[in-house]
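Structure record follows, encoded as structure tokens.
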Amino acid sequence: MVKAKETNLVGVLEGTKQYQVPLYQRTYSWGRKQIDQLWDDIVEIAAVRRGNPEATHFIGSLVLAVSPDIGAVGLNKFLVVDGQQRLTTLTLLLAALRDHQAQGDARHRDRIDDQYLHNRYEEGQPLKLLPTQADREPYEAVIRSTALAGREDAVGSAYRFFRSKIEQVDDPDDAHDIADIENAVLRGLALVAVTAEQGDNAHRIFESLNNTGLRLTQADLLKNYLFMRLGPRADAVYQQVWRPLERLLDAESLELLFWLDLVQTDELAKQSDTYLGQQRRLEKLMEVTAIEADIRRIAAFGELLATVLDPKREPHHGVRRRLERLRAWGSTTAYPVIMQILARRSAGTASDEQVEQALLYLESYFVRRIVIGRATAGLNRSLLQAANAVASTDNVDRALRRFLSTGRKHFATDQQVREAVTTVPFYWQGRAAQKKLILQWLEESFGSKERVDPANLTIEHVLPQSMSAEVREEFSRGLAPMVDPVFEHERLVHTLGNLTLTGYNSELSNLPFSRKRVMLANTGIQLSREVSQACAWSAAEIEARGRALAERVIDEWPGPEDSAGGEGAGTSSPTDFATRVGAITAAIPAGRWTTYGEVAIVAGSHAVGVGSLFGTQTLPNAWRVLQAGGSINPAFRWPDPDRTDDPRELLRQEEVQFDGQGRAAPEQFLGAEELDGAH
């Protein structure tokens with residue numbers, strides 16, 4: 001006999017229960033995509049529940065069978081037949097919330113442990129969730145807070161991801177934001193618990209759940225819903241409207257279309273909730289004529305999406321060029337505002353020129369954020385809100401620029417661009433394809449008639465990322481006698497002024513500039529030919545080229561209103577900086593170490609500024625950040641004044657190795673590229 005009931009995580013975890021993942025289940029395998037989606041859902045439902053405490057977000061089912069291992073008296077044991085990935089992820093998130101909050105108040109540790117993670121009053125304090133054997137050791141390390149918690153396995157990566165995200169959303173001026181997140185996890189996520197009685201074959205249930213054929217898409221479900229309600233008009237509407245729409249857009253694009261339509265009026269709508277959101281909206285339409293009119297409206301909207309996905313359909317040259325660039329940029333979160341801008345033109349309330357200018361402002365917003373090192377901060381919410389901002393204004397282009405210029409949307413001013421080019425490690429900002437696009441578009445700004453195929457180009461560091469003795473000797477010639485070449489190399493090597501495009505990356509490799517400039521001169525890339533005209537390549541040349549490229553960025557991509565000012569939408573406060581650094585350090589795995597310089601690269605700052613922050617702020621995993629060379633900073637202090645243990649001993653417990661001079665093992669070093677990916 002099978003019983004099903006709707007519940008939440010409190011209902012699942014409270015009480016003396018243990019959920020055992022059977023051996024035949026696969027090991028924990030959720031990656032960044034699934035965890036990111038879950039986190040976004042939680043953040044959004046937390047925001048919604050502030051105004052509507054009863055709101056929930058459905059996350060699926062949990063299929064259980066009563067365990068044949070009755071075990072301890074009073075401990076109810078269940079086999080997790082389906083849903084173990086979700087349940088494991090949510091308990092890791094609770095552990096991350098516990099550890100974050102316990103930094104400020106140790107009582108949170110016992111509270112979350114006792115209610116949701118441990119069966120404290122049972123013999124041996126068994127865990128509420130017992131993963132399959134392959135995952136048990138890393139999972140217990142996190143739940144029991146041992147020195148090996150948060151290593152580089154899948155379980156540890158998920159835990160560190162949540163620690164980093166919680167650091168980012170914790171606003172010092174909001175006393176309730178983390179409590180809201182915890183409440184959303186425990187009570188805002190709805191699921192259906194399906195329980196088979198003892199004696200039922202759990203393995204057979206598992207097989208039947210995983211052999212049910214192809215999944216119906218949300219577009220399939222909406223199609224069925226709509227045509228059931230059309231009655232006798234169904235055949236005609238299908239032939240006249242729906243069939244042409246299906247020829248225009250594939251199944252995945254149809255699902256995207258319904259979400260894009262939904263967020264025009266509900267910016268919090270998640271793509272995973274498209275069917276439910278559209279169904280709630282369509283239930284208000286009572287007449288068949290109203291349903292038919294809505295299908296025709298969505299089909300017209302689909303024509304706009306087809307143009308966004310394939311800009312060659314666009315007849316106006318200027319608009320087509322901007323659409324091609326935004327399509328190449330690859331941010332589907334920008335589609336709602338792009339669609340709204342195009343819809344304004346279709347309705348006759350915006351001209352081609354206004355649409356072209358509005359799309360240029362959107363492109364500029366993306367580019368300038370990368371240049372100043374704020375590629376993703378608050379981006380999705382800003383773009384979804386932008387769709388409403390341009391829906392009914394007189395000038396769609398001015399309205400979009402005004403919206404992006406207000407509040408903390410990080411639309412960089414001209415002054416911020418000029419400052420960032422010599423301090424922000426451009427190479428580590430945004431997606432690899434986006435950085436390459438910016439350099440490609442800068443190359444196009446030279447107006448070269450020689451056609452270069454972007455597919456064959458890669459980003460090249462003129463001053464190599466690794467300094468050979470010959471490179472170091474050449475670089476040092478351009479520095480003052482007392483200046484440290486290693487420090488200057490670390491400061492400048494990833495900045496915009498040191499980067500170009502080339503089709504010969506492997507040949508150029510770590511060559512010194514005296515030899516590299518010859519190869520750069522014999523290329524069709526103007527960015528590289530310009531570099532080759534320099535006689536030397538040291539700090540002065542890199543900074544000068546960075547300043548020149550900053551002016552080109554400013555000329556090509558207009559900034560926010562009052563862009564020339566030093567303050568504006570892109571301003572980053574000290575609190576923002578501390579939050580950014582804390583999110584980075586929270587992602588450092590146990591058993592690894594990094595340096596202040598590497599953290600600075602990922603944070604888009606300078607090692608000195610990062611180092612001073614460690615002396616004034618409580619940052620997660622601060623003991624894992626060492627000096628260059630792997631030694632403990634002599635100025636390191638625990639935030640708790642009563643704590644006097646040696647951070648080196650804690651690192652040893654985490655299995656970091658030290659040599660006789662007290663330097664951490666180089667093979668356990670975590671560089672900026674890995675660190676950037678981890679957070």
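Scheme for the structure tokens: letters A, B, ... for chains in order shown; per-chain residue numbers from 1; ligand numbers from 1 in order shown.
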
Closest pair table for stretch 429-500 of chain A residues within 9 Å of stretch 361-379 of chain A, only C-alpha atoms, as a tab-separated table:
```
residue	atom	partner	partner_atom	distance
A:Gln429	CA	A:Ile370	CA	5.8
A:Gly430	CA	A:Ala375	CA	5.3
A:Arg431	CA	A:Ala375	CA	8.7
A:Gln434	CA	A:Val367	CA	8.5
A:Lys435	CA	A:Ile370	CA	7.8
A:Ile438	CA	A:Val367	CA	6.8
A:Leu496	CA	A:Val371	CA	8.1
```

Using all heavy atoms, can you write the selected residues to a file as a compact mmCIF listing (two decimals), in the first residue's frame?
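See result-v3.txt below for the written result:
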```
# COMPACT_ATOMS: atom_id res chain seq x y z
N GLN A 429 36.91 37.95 -15.39
CA GLN A 429 35.55 38.44 -15.25
C GLN A 429 34.61 37.78 -16.26
O GLN A 429 34.98 37.61 -17.43
CB GLN A 429 35.51 39.96 -15.43
CG GLN A 429 36.49 40.73 -14.58
CD GLN A 429 36.43 40.35 -13.11
OE1 GLN A 429 35.35 40.24 -12.53
NE2 GLN A 429 37.60 40.18 -12.51
N GLY A 430 33.39 37.45 -15.82
CA GLY A 430 32.38 36.93 -16.73
C GLY A 430 32.76 35.60 -17.36
O GLY A 430 33.70 34.93 -16.96
N ARG A 431 32.01 35.21 -18.36
CA ARG A 431 32.26 33.97 -19.08
C ARG A 431 33.40 34.18 -20.09
O ARG A 431 33.60 35.28 -20.60
CB ARG A 431 31.01 33.51 -19.83
CG ARG A 431 29.80 33.27 -18.94
CD ARG A 431 28.61 32.89 -19.80
NE ARG A 431 27.36 32.99 -19.07
CZ ARG A 431 26.16 33.07 -19.63
NH1 ARG A 431 26.07 33.09 -20.96
NH2 ARG A 431 25.07 33.16 -18.90
N GLN A 434 32.32 35.74 -23.31
CA GLN A 434 31.97 37.15 -23.22
C GLN A 434 33.21 38.04 -23.23
O GLN A 434 33.23 39.09 -23.87
CB GLN A 434 31.12 37.39 -21.97
CG GLN A 434 29.76 36.72 -22.06
CD GLN A 434 28.99 36.73 -20.75
OE1 GLN A 434 29.55 37.02 -19.69
NE2 GLN A 434 27.72 36.41 -20.80
N LYS A 435 34.26 37.63 -22.52
CA LYS A 435 35.51 38.41 -22.55
C LYS A 435 36.07 38.45 -23.97
O LYS A 435 36.55 39.49 -24.43
CB LYS A 435 36.53 37.79 -21.59
CG LYS A 435 36.15 37.92 -20.13
CD LYS A 435 37.09 37.13 -19.24
CE LYS A 435 36.93 35.64 -19.44
NZ LYS A 435 37.57 34.84 -18.37
N ILE A 438 34.13 40.94 -26.10
CA ILE A 438 34.48 42.34 -25.88
C ILE A 438 35.75 42.70 -26.64
O ILE A 438 35.83 43.75 -27.31
CB ILE A 438 34.64 42.63 -24.37
CG1 ILE A 438 33.27 42.50 -23.67
CG2 ILE A 438 35.22 44.03 -24.13
CD1 ILE A 438 33.35 42.61 -22.16
N LEU A 496 43.05 44.47 -18.62
CA LEU A 496 42.69 44.63 -20.04
C LEU A 496 43.87 45.09 -20.88
O LEU A 496 44.04 44.65 -22.02
CB LEU A 496 41.53 45.63 -20.15
CG LEU A 496 40.97 45.88 -21.55
CD1 LEU A 496 40.45 44.60 -22.18
CD2 LEU A 496 39.86 46.93 -21.49
```

Worksheet item: Residues of stretch 21-194 of chain A in alpha helix (DSSP H) according to DSSP, as a ChimeraX atom specification?
Response: /A:32-51,84-102,107-112,133-143,154-169,177-183

Show which residues sit within 6 Å of stretch 631-639 of chain A, as a PDB file with N, CA and C atoms, in the first residue's frame. Count only C-alpha atoms, and ignore same-chain residues fewer than 4 positions away.
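That gives us result-v3.pdb:
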```pdb
ATOM      1  N   THR A 618      35.460  39.456   9.837  1.00  0.00           N
ATOM      2  CA  THR A 618      35.381  38.017  10.044  1.00  0.00           C
ATOM      3  C   THR A 618      35.007  37.375   8.719  1.00  0.00           C
ATOM      4  N   LEU A 626      46.942  32.311   2.766  1.00  0.00           N
ATOM      5  CA  LEU A 626      48.305  32.461   3.268  1.00  0.00           C
ATOM      6  C   LEU A 626      49.055  33.504   2.460  1.00  0.00           C
ATOM      7  N   GLN A 627      50.264  33.776   2.904  1.00  0.00           N
ATOM      8  CA  GLN A 627      51.126  34.672   2.157  1.00  0.00           C
ATOM      9  C   GLN A 627      51.663  33.960   0.917  1.00  0.00           C
ATOM     10  N   ARG A 663      56.125  26.206   5.239  1.00  0.00           N
ATOM     11  CA  ARG A 663      55.443  26.603   4.014  1.00  0.00           C
ATOM     12  C   ARG A 663      54.531  25.481   3.531  1.00  0.00           C
TER      13      ARG A 663
END
```

Discussion item. Which residues are near stretch 229-235 of chain A? Cut-off 9 Å, only C-alpha atoms, ignore same chain within fewer than 2 positions. Put them as a VMD selection string.
Written reply: chain A and resid 224 to 227 237 to 240 287 to 289 291 to 292

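When only C-alpha atoms are used to compute distances to A:Ala47, the closest of the residues A:Leu254, A:Leu221, A:Leu268, A:Val80 turns out to be A:Leu268.
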
Discussion item. I want to know what sits within 9 Å of stretch 113-128 of chain A, based on only C-alpha atoms, with residues of the same chain fewer than 2 positions away left out; could you give that as a list in words?
Written reply: Leu9, Val10, Val12, Leu13, Glu14, Gly15, Thr16, Lys17, Gln18, Tyr19, Gln20, Ala72, Val73, Gly74, Leu75, Thr91, Leu94, Ala95, Arg98, His108, Arg109, Asp110, Arg111, Leu130, Glu140, Ile143 and Arg144 of chain A

Generate a file of the selected residues that holds C-alpha atoms, formatted as a compact mmCIF listing (two decimals), in the first residue's frame.
```
# COMPACT_ATOMS: atom_id res chain seq x y z
CA LEU A 9 11.28 19.89 4.74
CA VAL A 10 10.21 20.42 8.36
CA VAL A 12 10.34 15.36 6.48
CA LEU A 13 13.18 15.99 8.95
CA GLU A 14 11.60 16.73 12.33
CA GLY A 15 11.20 13.83 14.72
CA THR A 16 13.29 10.70 15.26
CA LYS A 17 13.76 9.62 11.64
CA GLN A 18 16.53 8.35 9.45
CA TYR A 19 16.52 8.27 5.65
CA GLN A 20 18.85 5.66 4.17
CA ALA A 72 16.95 1.45 17.48
CA VAL A 73 13.75 1.79 19.44
CA GLY A 74 11.91 4.95 18.46
CA LEU A 75 13.96 5.62 15.32
CA THR A 91 20.49 18.99 4.19
CA LEU A 94 20.94 23.50 6.15
CA ALA A 95 24.48 22.67 7.32
CA ARG A 98 24.01 26.47 10.45
CA HIS A 108 22.23 28.21 15.90
CA ARG A 109 24.47 25.14 15.65
CA ASP A 110 22.59 23.14 18.29
CA ARG A 111 19.23 24.37 17.08
CA LEU A 130 22.51 8.41 5.66
CA GLU A 140 29.40 13.12 7.67
CA ILE A 143 27.18 17.42 9.00
CA ARG A 144 29.46 16.70 11.97
```

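Residue nearest A:Arg491, chosen from A:Ala548, A:Met228, A:Leu248, A:Ile542 and counting only C-alpha atoms: A:Ile542.
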
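Across the model, the gap from atom CA of A:Ala334 to atom CA of A:Ala386 is 9.0 Å.
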
Discussion item. Give me, as a PyMOL selection string, all polymer residues having an atom no more than 10 Å from A:Tyr275, counting only C-alpha atoms and skipping those fewer than 3 positions away in the same chain.
Written reply: chain A and resi 217-223+225+255+258-259+262+271-272+278-281

Discussion item. Just the number, please: distance in Å from atom CA of A:Arg247 to atom CA of A:Ile295, one decimal.
Written reply: 15.3 Å

Discussion item. Report as an MDAnalysis selection string all protein, DNA and RNA residues lying within 7 Å of A:Asn498, evaluated on only C-alpha atoms, omitting residues in the same chain fewer than 5 positions from it.
Written reply: chainID A and resid 461:463 493 542

Worksheet, complete the sentence: Expressed in Å, the length from atom CA of A:Gln85 to atom CA of A:Leu189 is 15.0 Å

Response to the item:
Using only C-alpha atoms, the shortest atom-to-atom distance to A:Met467 among A:Asn510, A:Ser67, A:Gly503, A:Ser445 belongs to A:Asn510

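Each of A:Asn621, A:Gln440, A:Thr644, A:Ser514 was checked against A:Asp99 using only C-alpha atoms; the smallest atom-to-atom distance is that of A:Asn621.
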